[in-house]
file input_21.txt (compact mmCIF, C-alpha atoms and all ligand atoms)
# COMPACT_ATOMS: atom_id res chain seq x y z
CA MET A 21 0.00 0.00 0.00
CA THR A 22 1.72 3.20 -1.12
CA GLU A 23 0.41 6.39 0.42
CA LYS A 24 0.06 9.57 -1.59
CA ILE A 25 3.09 11.83 -1.13
CA GLU A 26 2.12 15.36 -0.05
CA PHE A 27 4.16 18.41 -1.07
CA ILE A 28 3.16 20.04 2.23
CA ASP A 29 1.07 18.05 4.72
CA LEU A 30 -1.27 20.41 6.55
CA LYS A 31 -3.68 17.57 7.38
CA ALA A 32 -1.02 15.67 9.35
CA GLN A 33 -0.23 18.86 11.24
CA TYR A 34 -3.92 19.43 12.02
CA ARG A 35 -4.25 15.89 13.36
CA GLU A 36 -1.42 16.58 15.81
CA LEU A 37 -2.68 20.01 16.87
CA LYS A 38 -6.45 19.49 16.60
CA THR A 39 -7.27 19.91 20.29
CA ALA A 40 -5.34 23.17 20.64
CA ILE A 41 -6.52 24.64 17.33
CA ASP A 42 -10.18 23.73 17.87
CA ALA A 43 -10.15 25.15 21.40
CA ARG A 44 -8.46 28.37 20.29
CA MET A 45 -10.93 28.87 17.42
CA ALA A 46 -13.95 28.04 19.60
CA ARG A 47 -12.89 30.71 22.08
CA VAL A 48 -12.92 33.35 19.33
CA LEU A 49 -16.31 32.17 18.07
CA GLU A 50 -17.65 32.59 21.60
CA HIS A 51 -16.20 36.02 22.41
CA GLY A 52 -17.09 37.27 18.93
CA GLN A 53 -14.36 39.92 18.55
CA PHE A 54 -13.44 38.86 15.03
CA ILE A 55 -11.56 42.06 14.19
CA MET A 56 -8.74 43.14 16.54
CA GLY A 57 -9.85 40.73 19.25
CA PRO A 58 -7.58 39.84 22.20
CA GLU A 59 -5.74 37.09 20.25
CA VAL A 60 -4.25 39.74 17.96
CA ARG A 61 -2.26 41.37 20.75
CA GLU A 62 -1.61 37.99 22.37
CA LEU A 63 0.02 36.75 19.16
CA GLU A 64 1.99 39.97 18.71
CA ASN A 65 3.33 39.62 22.27
CA ALA A 66 4.29 36.00 21.68
CA LEU A 67 6.08 36.85 18.43
CA GLU A 68 7.94 39.79 20.02
CA GLN A 69 9.16 37.37 22.70
CA ARG A 70 10.18 34.82 20.13
CA THR A 71 12.01 37.08 17.72
CA GLY A 72 13.42 39.63 20.13
CA ALA A 73 11.99 42.51 18.07
CA ALA A 74 10.46 45.20 20.26
CA HIS A 75 7.36 45.53 18.10
CA CYS A 76 5.27 43.04 16.13
CA ILE A 77 2.35 44.26 14.02
CA THR A 78 0.18 41.49 12.58
CA VAL A 79 -1.29 42.24 9.15
CA SER A 80 -3.55 40.65 6.55
CA SER A 81 -0.76 39.00 4.48
CA GLY A 82 2.94 38.96 3.77
CA THR A 83 2.35 41.18 0.76
CA GLU A 84 0.52 43.73 2.92
CA ALA A 85 3.38 43.57 5.45
CA LEU A 86 5.86 44.65 2.76
CA LEU A 87 3.51 47.34 1.43
CA ILE A 88 2.86 48.81 4.88
CA ALA A 89 6.60 48.80 5.65
CA LEU A 90 7.37 50.77 2.47
CA MET A 91 4.46 53.17 3.17
CA ALA A 92 5.78 53.81 6.69
CA LEU A 93 9.16 54.69 5.19
CA GLY A 94 7.44 57.18 2.89
CA ILE A 95 8.48 55.42 -0.33
CA LYS A 96 6.95 57.29 -3.25
CA SER A 97 7.02 57.87 -6.97
CA GLY A 98 10.55 58.22 -8.33
CA ASP A 99 12.24 56.50 -5.39
CA GLU A 100 14.32 53.40 -6.01
CA VAL A 101 14.13 50.21 -3.96
CA ILE A 102 16.75 47.54 -4.53
CA THR A 103 15.79 43.88 -4.40
CA THR A 104 16.40 40.50 -6.00
CA PRO A 105 14.76 39.44 -9.28
CA PHE A 106 14.66 35.85 -8.01
CA THR A 107 11.75 35.93 -5.58
CA PHE A 108 7.99 35.66 -5.36
CA VAL A 109 6.48 38.59 -7.25
CA ALA A 110 5.07 40.28 -4.13
CA THR A 111 8.53 41.56 -3.15
CA ALA A 112 8.72 43.79 -6.23
CA GLU A 113 4.97 44.32 -6.65
CA VAL A 114 4.68 46.51 -3.55
CA ILE A 115 7.53 48.73 -4.80
CA ALA A 116 5.79 49.25 -8.14
CA LEU A 117 2.40 49.82 -6.46
CA LEU A 118 3.83 52.90 -4.72
CA GLY A 119 5.18 54.23 -8.02
CA ALA A 120 8.76 53.52 -7.03
CA VAL A 121 11.25 51.67 -9.24
CA PRO A 122 12.27 48.11 -8.39
CA VAL A 123 16.02 47.86 -8.99
CA PHE A 124 17.17 44.29 -9.50
CA VAL A 125 20.56 43.04 -8.36
CA ASP A 126 21.91 39.57 -9.09
CA VAL A 127 21.89 36.59 -6.72
CA GLN A 128 24.51 34.12 -5.54
CA THR A 129 24.30 30.86 -7.49
CA ASP A 130 24.83 28.68 -4.42
CA THR A 131 22.28 30.23 -2.00
CA CYS A 132 20.01 31.98 -4.54
CA ASN A 133 19.99 35.00 -2.18
CA ILE A 134 20.87 38.56 -3.23
CA ASP A 135 24.62 39.09 -3.67
CA PRO A 136 25.94 41.88 -1.40
CA ALA A 137 29.00 42.17 -3.66
CA ALA A 138 26.70 43.32 -6.49
CA LEU A 139 24.56 45.56 -4.29
CA GLU A 140 26.71 48.61 -3.72
CA ALA A 141 27.07 49.47 -7.40
CA ALA A 142 23.27 49.62 -7.72
CA ILE A 143 22.87 52.41 -5.15
CA THR A 144 22.05 55.90 -6.47
CA PRO A 145 20.97 59.13 -4.71
CA ARG A 146 17.37 57.91 -5.24
CA THR A 147 17.84 54.62 -3.37
CA ARG A 148 15.57 54.64 -0.33
CA ALA A 149 15.40 51.00 0.71
CA ILE A 150 16.79 47.52 0.10
CA ILE A 151 14.60 44.41 0.36
CA PRO A 152 16.75 41.28 0.68
CA VAL A 153 14.70 38.08 0.53
CA SER A 154 15.63 35.18 2.82
CA LEU A 155 14.80 32.74 0.06
CA TYR A 156 13.83 29.13 0.70
CA GLY A 157 14.12 29.79 4.43
CA GLN A 158 17.78 30.84 4.64
CA PRO A 159 18.52 34.38 5.85
CA ALA A 160 20.29 36.59 3.30
CA ASP A 161 23.69 38.16 4.14
CA MET A 162 21.98 40.66 6.41
CA ASP A 163 25.00 42.10 8.25
CA GLU A 164 26.85 42.85 5.01
CA ILE A 165 23.69 44.40 3.54
CA ASN A 166 23.00 46.47 6.69
CA ALA A 167 26.61 47.69 6.65
CA ILE A 168 26.32 48.85 3.01
CA ALA A 169 23.01 50.62 3.75
CA THR A 170 24.48 52.39 6.78
CA ARG A 171 27.63 53.43 4.96
CA ARG A 172 25.61 54.90 2.08
CA GLY A 173 23.31 56.99 4.26
CA ASN A 174 19.60 56.99 4.72
CA ILE A 175 18.70 53.57 3.26
CA ALA A 176 16.31 51.28 5.13
CA VAL A 177 16.75 47.50 5.00
CA ILE A 178 13.56 45.41 5.01
CA GLU A 179 14.03 41.66 5.25
CA ASP A 180 11.43 39.72 3.26
CA ALA A 181 11.27 36.79 5.68
CA ALA A 182 8.09 35.27 4.23
CA GLN A 183 9.84 31.91 3.77
CA SER A 184 12.24 32.06 6.71
CA PHE A 185 10.29 32.54 9.95
CA GLY A 186 12.08 30.47 12.58
CA ALA A 187 15.49 30.57 10.87
CA THR A 188 18.50 31.97 12.72
CA TYR A 189 21.39 34.15 11.61
CA ARG A 190 24.41 34.67 13.85
CA GLY A 191 22.29 33.78 16.87
CA LYS A 192 19.39 36.10 15.99
CA GLN A 193 15.97 35.33 14.59
CA SER A 194 15.03 36.01 10.96
CA THR A 195 12.61 39.04 10.89
CA ASN A 196 14.78 40.75 13.55
CA LEU A 197 17.93 41.22 11.48
CA SER A 198 17.42 44.75 10.10
CA ALA A 199 15.30 47.91 10.53
CA ILE A 200 12.14 46.06 9.47
CA GLY A 201 11.35 42.36 8.92
CA CYS A 202 8.21 41.07 7.19
CA THR A 203 6.79 37.57 7.24
CA SER A 204 3.77 35.69 5.91
CA PHE A 205 1.42 33.20 7.55
CA PHE A 206 0.11 31.88 4.21
CA PRO A 207 -0.82 28.24 4.93
CA SER A 208 2.24 26.71 3.23
CA LYS A 209 4.85 28.93 4.91
CA PRO A 210 6.88 27.53 7.83
CA LEU A 211 4.44 29.13 10.31
CA GLY A 212 1.08 29.24 8.54
CA CYS A 213 -2.52 30.06 9.45
CA TYR A 214 -5.71 28.82 7.74
CA GLY A 215 -6.04 31.70 5.31
CA ASP A 216 -4.05 34.87 4.74
CA GLY A 217 -1.96 36.55 7.42
CA GLY A 218 1.40 38.16 8.03
CA ALA A 219 3.45 40.22 10.44
CA ILE A 220 5.90 43.12 10.53
CA PHE A 221 8.75 43.37 13.05
CA THR A 222 10.78 46.40 14.09
CA SER A 223 12.49 47.77 17.14
CA ASP A 224 11.97 51.40 16.04
CA PRO A 225 9.00 52.84 17.99
CA THR A 226 8.28 55.60 15.45
CA LEU A 227 8.11 53.14 12.55
CA ALA A 228 6.05 50.72 14.66
CA ASN A 229 3.52 53.44 15.43
CA ALA A 230 3.32 54.46 11.77
CA MET A 231 2.78 50.86 10.67
CA ARG A 232 0.07 50.31 13.30
CA GLU A 233 -1.78 53.36 12.00
CA ILE A 234 -1.33 52.44 8.33
CA ARG A 235 -2.70 48.95 9.06
CA VAL A 236 -6.04 50.53 10.04
CA HIS A 237 -6.67 53.21 7.40
CA GLY A 238 -4.04 55.57 8.74
CA GLN A 239 -5.99 56.36 11.85
CA ALA A 240 -4.44 57.39 15.18
CA LYS A 241 -7.85 56.80 16.76
CA ARG A 242 -11.17 55.76 15.32
CA TYR A 243 -12.24 58.03 12.44
CA TYR A 244 -9.30 60.42 12.94
CA HIS A 245 -6.91 59.91 10.01
CA THR A 246 -3.36 61.15 10.22
CA ARG A 247 -2.02 59.50 7.05
CA ILE A 248 -3.05 57.35 4.07
CA GLY A 249 -3.46 53.77 5.16
CA VAL A 250 -4.93 50.43 4.10
CA GLY A 251 -7.37 47.84 5.44
CA GLY A 252 -4.58 45.52 6.52
CA ARG A 253 -5.59 43.82 9.77
CA MET A 254 -5.12 40.11 10.42
CA ASP A 255 -8.35 38.32 11.49
CA THR A 256 -8.61 37.31 15.13
CA LEU A 257 -9.40 33.73 14.06
CA GLN A 258 -6.17 33.51 12.07
CA CYS A 259 -4.20 34.86 15.03
CA ALA A 260 -5.79 32.13 17.16
CA VAL A 261 -4.63 29.48 14.67
CA VAL A 262 -1.05 30.77 14.73
CA LEU A 263 -1.09 30.88 18.55
CA ALA A 264 -2.10 27.21 18.63
CA LYS A 265 0.56 26.28 16.08
CA LEU A 266 3.26 28.10 18.05
CA GLU A 267 2.96 25.44 20.76
CA ARG A 268 4.60 22.96 18.42
CA PHE A 269 6.66 25.29 16.28
CA ASP A 270 10.06 24.64 17.88
CA TRP A 271 9.56 20.92 17.37
CA GLU A 272 8.47 21.54 13.77
CA ILE A 273 11.60 23.60 13.08
CA GLN A 274 13.73 20.73 14.40
CA GLN A 275 11.86 18.35 12.08
CA ARG A 276 12.48 20.66 9.13
CA LEU A 277 16.19 20.89 9.91
CA ALA A 278 16.36 17.11 10.27
CA ALA A 279 14.50 16.53 7.00
CA GLY A 280 16.86 18.98 5.24
CA ALA A 281 19.89 17.15 6.63
CA ARG A 282 18.41 13.83 5.54
CA TYR A 283 17.89 15.03 1.96
CA ALA A 284 21.49 16.34 1.94
CA ALA A 285 22.80 12.93 3.02
CA LEU A 286 20.64 11.13 0.45
CA PHE A 287 21.90 13.36 -2.39
CA ASP A 288 25.50 13.19 -1.22
CA GLY A 289 27.66 11.97 -4.10
CA CYS A 290 25.02 12.62 -6.76
CA ASN A 291 26.86 14.92 -9.17
CA ALA A 292 23.77 15.68 -11.24
CA THR A 293 22.01 17.51 -8.40
CA THR A 294 23.27 20.75 -6.87
CA LEU A 295 22.01 21.41 -3.35
CA LEU A 296 21.51 24.82 -1.85
CA ALA A 297 24.56 25.96 0.17
CA VAL A 298 23.63 26.79 3.75
CA ARG A 299 26.14 29.18 5.35
CA PRO A 300 27.61 27.95 8.66
CA ASP A 301 26.45 31.05 10.59
CA ARG A 302 22.75 30.50 9.91
CA THR A 303 20.00 27.91 9.64
CA CYS A 304 17.61 27.25 6.77
CA VAL A 305 14.07 26.24 7.78
CA TRP A 306 13.37 25.00 4.25
CA GLY A 307 10.32 27.05 3.42
CA GLN A 308 10.95 25.19 0.18
CA TYR A 309 13.40 22.34 -0.26
CA THR A 310 14.90 23.42 -3.55
CA VAL A 311 17.60 21.65 -5.57
CA MET A 312 19.14 22.37 -8.96
CA VAL A 313 19.60 20.17 -12.02
CA ASP A 314 20.54 20.81 -15.67
CA ASN A 315 17.75 18.73 -17.21
CA ARG A 316 14.82 19.98 -15.17
CA GLU A 317 11.99 19.17 -17.57
CA LYS A 318 13.06 15.54 -17.83
CA VAL A 319 13.40 15.20 -14.05
CA LEU A 320 10.03 16.84 -13.37
CA ASP A 321 8.35 14.55 -15.91
CA ALA A 322 9.83 11.46 -14.32
CA LEU A 323 8.83 12.57 -10.82
CA ALA A 324 5.28 13.37 -11.93
CA ARG A 325 5.01 9.87 -13.41
CA GLY A 326 6.26 8.46 -10.11
CA GLY A 327 3.59 10.30 -8.11
CA ILE A 328 6.05 12.73 -6.52
CA PRO A 329 4.75 16.32 -6.35
CA THR A 330 7.16 19.13 -7.25
CA ALA A 331 7.04 22.87 -7.89
CA VAL A 332 9.34 25.43 -9.50
CA HIS A 333 10.17 28.44 -7.32
CA TYR A 334 10.55 30.39 -9.63
CA PRO A 335 10.67 29.67 -13.37
CA VAL A 336 10.96 33.28 -14.65
CA PRO A 337 12.96 35.95 -12.80
CA LEU A 338 11.08 39.21 -12.34
CA HIS A 339 13.17 41.28 -14.79
CA ARG A 340 11.84 38.98 -17.53
CA GLN A 341 8.17 39.24 -16.52
CA PRO A 342 6.07 41.38 -18.88
CA ALA A 343 4.67 43.40 -15.98
CA TYR A 344 8.14 44.38 -14.75
CA GLU A 345 10.36 44.50 -17.87
CA GLY A 346 9.34 48.07 -18.66
CA LEU A 347 9.33 49.58 -15.22
CA CYS A 348 12.24 47.95 -13.39
CA ARG A 349 15.89 48.94 -13.53
CA VAL A 350 18.43 46.17 -14.03
CA ALA A 351 21.65 46.90 -12.13
CA GLY A 352 24.60 45.02 -13.59
CA THR A 353 24.04 41.62 -15.09
CA LEU A 354 21.47 39.15 -13.81
CA HIS A 355 23.12 36.04 -15.25
CA ASN A 356 22.98 34.14 -11.99
CA ALA A 357 19.26 34.79 -11.57
CA ASP A 358 18.68 33.53 -15.11
CA LEU A 359 20.83 30.48 -14.48
CA VAL A 360 19.20 29.38 -11.22
CA ALA A 361 15.71 30.08 -12.59
CA SER A 362 16.41 27.53 -15.31
CA ARG A 363 17.69 24.87 -12.90
CA VAL A 364 15.70 24.99 -9.63
CA PHE A 365 12.83 22.82 -8.50
CA SER A 366 11.37 22.05 -5.09
CA LEU A 367 10.70 18.71 -3.44
CA PRO A 368 8.16 17.77 -0.75
CA MET A 369 9.13 19.37 2.59
CA HIS A 370 7.17 19.62 5.82
CA PRO A 371 7.68 18.64 9.48
CA TYR A 372 5.72 15.38 9.08
CA LEU A 373 7.75 14.03 6.17
CA GLU A 374 8.98 10.51 6.90
CA ALA A 375 12.49 9.23 6.28
CA ALA A 376 11.22 6.40 4.06
CA THR A 377 9.34 8.89 1.89
CA GLN A 378 12.44 11.03 1.53
CA GLU A 379 14.44 7.97 0.50
CA LYS A 380 11.91 7.18 -2.20
CA ILE A 381 11.89 10.79 -3.43
CA ALA A 382 15.69 11.07 -3.52
CA ALA A 383 16.04 7.76 -5.34
CA ALA A 384 13.57 8.92 -7.99
CA VAL A 385 15.43 12.23 -8.46
CA ILE A 386 18.81 10.52 -8.70
CA ALA A 387 17.49 8.00 -11.22
CA ALA A 388 16.09 10.79 -13.43
CA ALA A 389 18.83 13.43 -13.11
C1 LIG B 1 4.75 34.20 0.22
C2 LIG B 1 5.69 35.30 -0.05
C3 LIG B 1 5.28 36.65 0.02
C4 LIG B 1 3.86 37.08 0.16
O1 LIG B 1 3.17 36.56 1.24
P1 LIG B 1 1.56 36.45 1.17
O2 LIG B 1 1.18 36.19 2.58
O3 LIG B 1 1.23 35.34 0.25
O4 LIG B 1 1.05 37.76 0.69
C5 LIG B 1 6.24 37.63 -0.15
N1 LIG B 1 7.52 37.31 -0.40
C6 LIG B 1 7.94 36.04 -0.49
C7 LIG B 1 9.39 35.77 -0.73
C8 LIG B 1 7.04 34.99 -0.33
O5 LIG B 1 7.46 33.72 -0.43
call {"tool": "encode", "arguments": {"input": "input_21.txt", "output": "structure tokens"}}
result
Amino acid sequence: MTEKIEFIDLKAQYRELKTAIDARMARVLEHGQFIMGPEVRELENALEQRTGAAHCITVSSGTEALLIALMALGIKSGDEVITTPFTFVATAEVIALLGAVPVFVDVQTDTCNIDPAALEAAITPRTRAIIPVSLYGQPADMDEINAIATRRGNIAVIEDAAQSFGATYRGKQSTNLSAIGCTSFFPSKPLGCYGDGGAIFTSDPTLANAMREIRVHGQAKRYYHTRIGVGGRMDTLQCAVVLAKLERFDWEIQQRLAAGARYAALFDGCNATTLLAVRPDRTCVWGQYTVMVDNREKVLDALARGGIPTAVHYPVPLHRQPAYEGLCRVAGTLHNADLVASRVFSLPMHPYLEAATQEKIAAAVIAAA
């Protein structure tokens, strides 16, 4: 009897956490404060504790987190924001939505994260912010990036930690590595809810206050509007779900690290597959378990025939997307982004993945690659 292999197994997680999740949700249904109920602040407190950031502001999604962060910084038409072209579109979308110019800098081929060595040359007098993405769950080179931003003046660094919540970097938590950190609680992220959700982290009280106001239509108090805002609150019910999942999150992170190490051992010696390099001063929580091969289409076909689900994160870098080609600025060459986009694909990864399943998956990849 072969069981269906899940790319991400949210049902197994629910089975483990059912009592806590059901109880947490029932409490919200009974108190009835569905918008900005007590679980919102409770979750923000818990996440401040966990990350070490002084302020956590929950919001309606990871995309909204990035948008609100840029709005709080006053990013506007004509400004430039530097980021990576090899990311989920939301990272650049929020820049363009504010009329600013996404400036794309190349990535490292071994981590797929933005290359600090290529960053400095992209800075101009219009540069207002840098958004490094901690792709696949591994923090970007945040200290090097912060140092460049500080040296070059008034440039804010926003970590897009949508895939890396729970990862560490030089002993600190992802989301608390720069002026602002943004994460997502989309169901498939390392810490997910049962719908859309996200959070912003900062230790700057002025920015925190601005982001709290922007989250609720730019109001300092009800119906008194100090600035342009959005409807960006996270539902109380979704906060309750994340609170319940936090009980098991440390264990889940350990499972993710163990599953990543197991894949690495299984692929050891297979020259046809290139694994992501994880730097020794940080952990990768494997928001996606992504590997690289030269003959991707053939491998994906073989895996599909073998009943192994895969995904490609991401097939087309953003500087080649019709929506961005005309409005972005390409700084230097983006050869590495093009190269990794043609080679990457992601394998099943979640805390409930069994060793035997990983063995079967790795054997199928090695046979096809
Ligand atoms: C998922 C993701 C986002 C957006 O998060 P949502 O909650 O889906 O809006 C932003 N950036 C990256 C890198 C992501 O993976």
call {"tool": "axis_aligned_box", "arguments": {"input": "input_21.txt", "around": "ligand LIG 1 (chain B)", "padding_each_side": "3 Å", "output": "AutoDock Vina command-line options"}}
result
--center_x 5.2 --center_y 35.7 --center_z 0.9 --size_x 14.3 --size_y 10.0 --size_z 9.3
call {"tool": "residues_near_ligand", "arguments": {"input": "input_21.txt", "ligand": "ligand LIG 1 (chain B)", "cutoff": "7 Å", "atoms": "all atoms listed in the file", "output": "JSON, numbers by chain"}}
result
{"A": [81, 82, 83, 84, 107, 108, 110, 111, 153, 155, 180, 181, 182, 183, 204, 205, 206, 216, 217, 218]}
call {"tool": "closest_atom_pairs", "arguments": {"input": "input_21.txt", "of": "stretch 173-220 of chain A", "to": "stretch 356-371 of chain A", "cutoff": "10 Å", "atoms": "all atoms listed in the file", "output": "JSON lines"}}
result
{"residue": "A:Ser208", "atom": "CA", "partner": "A:His370", "partner_atom": "CA", "distance": 9.0}
{"residue": "A:Lys209", "atom": "CA", "partner": "A:His370", "partner_atom": "CA", "distance": 9.6}
{"residue": "A:Pro210", "atom": "CA", "partner": "A:His370", "partner_atom": "CA", "distance": 8.2}
call {"tool": "atom_distance", "arguments": {"input": "input_21.txt", "atom1": "atom CA of A:Lys96", "atom2": "atom CA of A:Arg146"}}
result
10.6 Å
call {"tool": "atom_distance", "arguments": {"input": "input_21.txt", "atom1": "atom CA of A:Val79", "atom2": "atom CA of A:Pro136"}}
result
29.2 Å
call {"tool": "atom_distance", "arguments": {"input": "input_21.txt", "atom1": "atom CA of A:Gly201", "atom2": "atom CA of A:Asp126"}}
result
21.1 Å
call {"tool": "closest_atom_pairs", "arguments": {"input": "input_21.txt", "of": "stretch 103-218 of chain A", "to": "stretch 92-95 of chain A", "cutoff": "10 Å", "atoms": "only C-alpha atoms", "output": "JSON lines"}}
result
{"residue": "A:Ile115", "atom": "CA", "partner": "A:Ile95", "partner_atom": "CA", "distance": 8.1}
{"residue": "A:Leu118", "atom": "CA", "partner": "A:Ile95", "partner_atom": "CA", "distance": 6.9}
{"residue": "A:Gly119", "atom": "CA", "partner": "A:Ile95", "partner_atom": "CA", "distance": 8.5}
{"residue": "A:Ala120", "atom": "CA", "partner": "A:Ile95", "partner_atom": "CA", "distance": 7.0}
{"residue": "A:Thr147", "atom": "CA", "partner": "A:Ile95", "partner_atom": "CA", "distance": 9.9}
{"residue": "A:Arg148", "atom": "CA", "partner": "A:Ile95", "partner_atom": "CA", "distance": 7.1}
{"residue": "A:Ala149", "atom": "CA", "partner": "A:Ile95", "partner_atom": "CA", "distance": 8.3}
{"residue": "A:Ile175", "atom": "CA", "partner": "A:Leu93", "partner_atom": "CA", "distance": 9.8}
{"residue": "A:Ala176", "atom": "CA", "partner": "A:Leu93", "partner_atom": "CA", "distance": 7.9}
call {"tool": "residues_around", "arguments": {"input": "input_21.txt", "residues": "A:Ala285", "least_positions_apart": "4", "cutoff": "12 Å", "atoms": "only C-alpha atoms", "output": "list in words"}}
result
Ala278, Ala279, Gly280, Ala281, Gly289, Cys290, Leu295, Ala375, Gln378, Glu379, Ala382 and Ala383 of chain A
call {"tool": "closest_residue", "arguments": {"input": "input_21.txt", "among": "A:Asp130, A:Glu64, A:Asp99, A:Asp161", "to": "A:Met312", "atoms": "only C-alpha atoms"}}
result
A:Asp130
call {"tool": "residues_around", "arguments": {"input": "input_21.txt", "residues": "stretch 338-350 of chain A", "least_positions_apart": "3", "cutoff": "6 Å", "atoms": "only C-alpha atoms", "output": "ChimeraX atom specification"}}
result
/A:105,121-124
call {"tool": "residues_around", "arguments": {"input": "input_21.txt", "residues": "stretch 234-250 of chain A", "least_positions_apart": "4", "cutoff": "10 Å", "atoms": "all atoms listed in the file", "output": "list in words"}}
result
Ile77, Thr78, Val79, Ser80, Glu84, Ala85, Leu87, Ile88, Ala89, Met91, Ala92, Ala228, Asn229, Ala230 and Met254 of chain A
call {"tool": "closest_residue", "arguments": {"input": "input_21.txt", "among": "A:Ile200, A:Leu90, A:Ala260, A:Ile28", "to": "A:Glu59", "atoms": "all atoms listed in the file"}}
result
A:Ala260
call {"tool": "closest_residue", "arguments": {"input": "input_21.txt", "among": "A:Ala73, A:Cys132, A:Leu67, A:Ala199", "to": "A:Asn166", "atoms": "all atoms listed in the file"}}
result
A:Ala199
call {"tool": "closest_residue", "arguments": {"input": "input_21.txt", "among": "A:Ile386, A:Leu227, A:Val311, A:Val305", "to": "A:Leu286", "atoms": "all atoms listed in the file"}}
result
A:Ile386
call {"tool": "residues_near_point", "arguments": {"input": "input_21.txt", "point": "(17.2, 14.7, -6.7)", "cutoff": "7 Å", "atoms": "all atoms listed in the file", "output": "PyMOL selection string"}}
result
chain A and resi 287+293+382+384-386+389
call {"tool": "write_last_selection", "arguments": {"input": "input_21.txt", "atoms": "C-alpha atoms", "output": "mmCIF file, in the coordinates of the input"}}
result
data_model
loop_
_atom_site.group_PDB
_atom_site.id
_atom_site.type_symbol
_atom_site.label_atom_id
_atom_site.label_comp_id
_atom_site.auth_asym_id
_atom_site.auth_seq_id
_atom_site.Cartn_x
_atom_site.Cartn_y
_atom_site.Cartn_z
ATOM 1 C CA PHE A 287 21.900 13.360 -2.390
ATOM 2 C CA THR A 293 22.010 17.510 -8.400
ATOM 3 C CA ALA A 382 15.690 11.070 -3.520
ATOM 4 C CA ALA A 384 13.570 8.920 -7.990
ATOM 5 C CA VAL A 385 15.430 12.230 -8.460
ATOM 6 C CA ILE A 386 18.810 10.520 -8.700
ATOM 7 C CA ALA A 389 18.830 13.430 -13.110
#
call {"tool": "closest_residue", "arguments": {"input": "input_21.txt", "among": "A:Ile220, A:Ala351, A:Ile328, A:Leu323", "to": "A:Thr377", "atoms": "all atoms listed in the file"}}
result
A:Ile328
call {"tool": "closest_residue", "arguments": {"input": "input_21.txt", "among": "A:Ala74, A:Cys304, A:Ala324, A:Cys213", "to": "A:Leu30", "atoms": "all atoms listed in the file"}}
result
A:Cys213
call {"tool": "closest_atom_pairs", "arguments": {"input": "input_21.txt", "of": "stretch 224-278 of chain A", "to": "stretch 187-194 of chain A", "cutoff": "12 Å", "atoms": "only C-alpha atoms", "output": "tab-separated table"}}
result
residue	atom	partner	partner_atom	distance
A:Phe269	CA	A:Ala187	CA	11.6
A:Asp270	CA	A:Ala187	CA	10.7
A:Glu272	CA	A:Ala187	CA	11.8
A:Ile273	CA	A:Ala187	CA	8.3
A:Gln274	CA	A:Ala187	CA	10.6
A:Arg276	CA	A:Ala187	CA	10.5
A:Leu277	CA	A:Ala187	CA	9.8
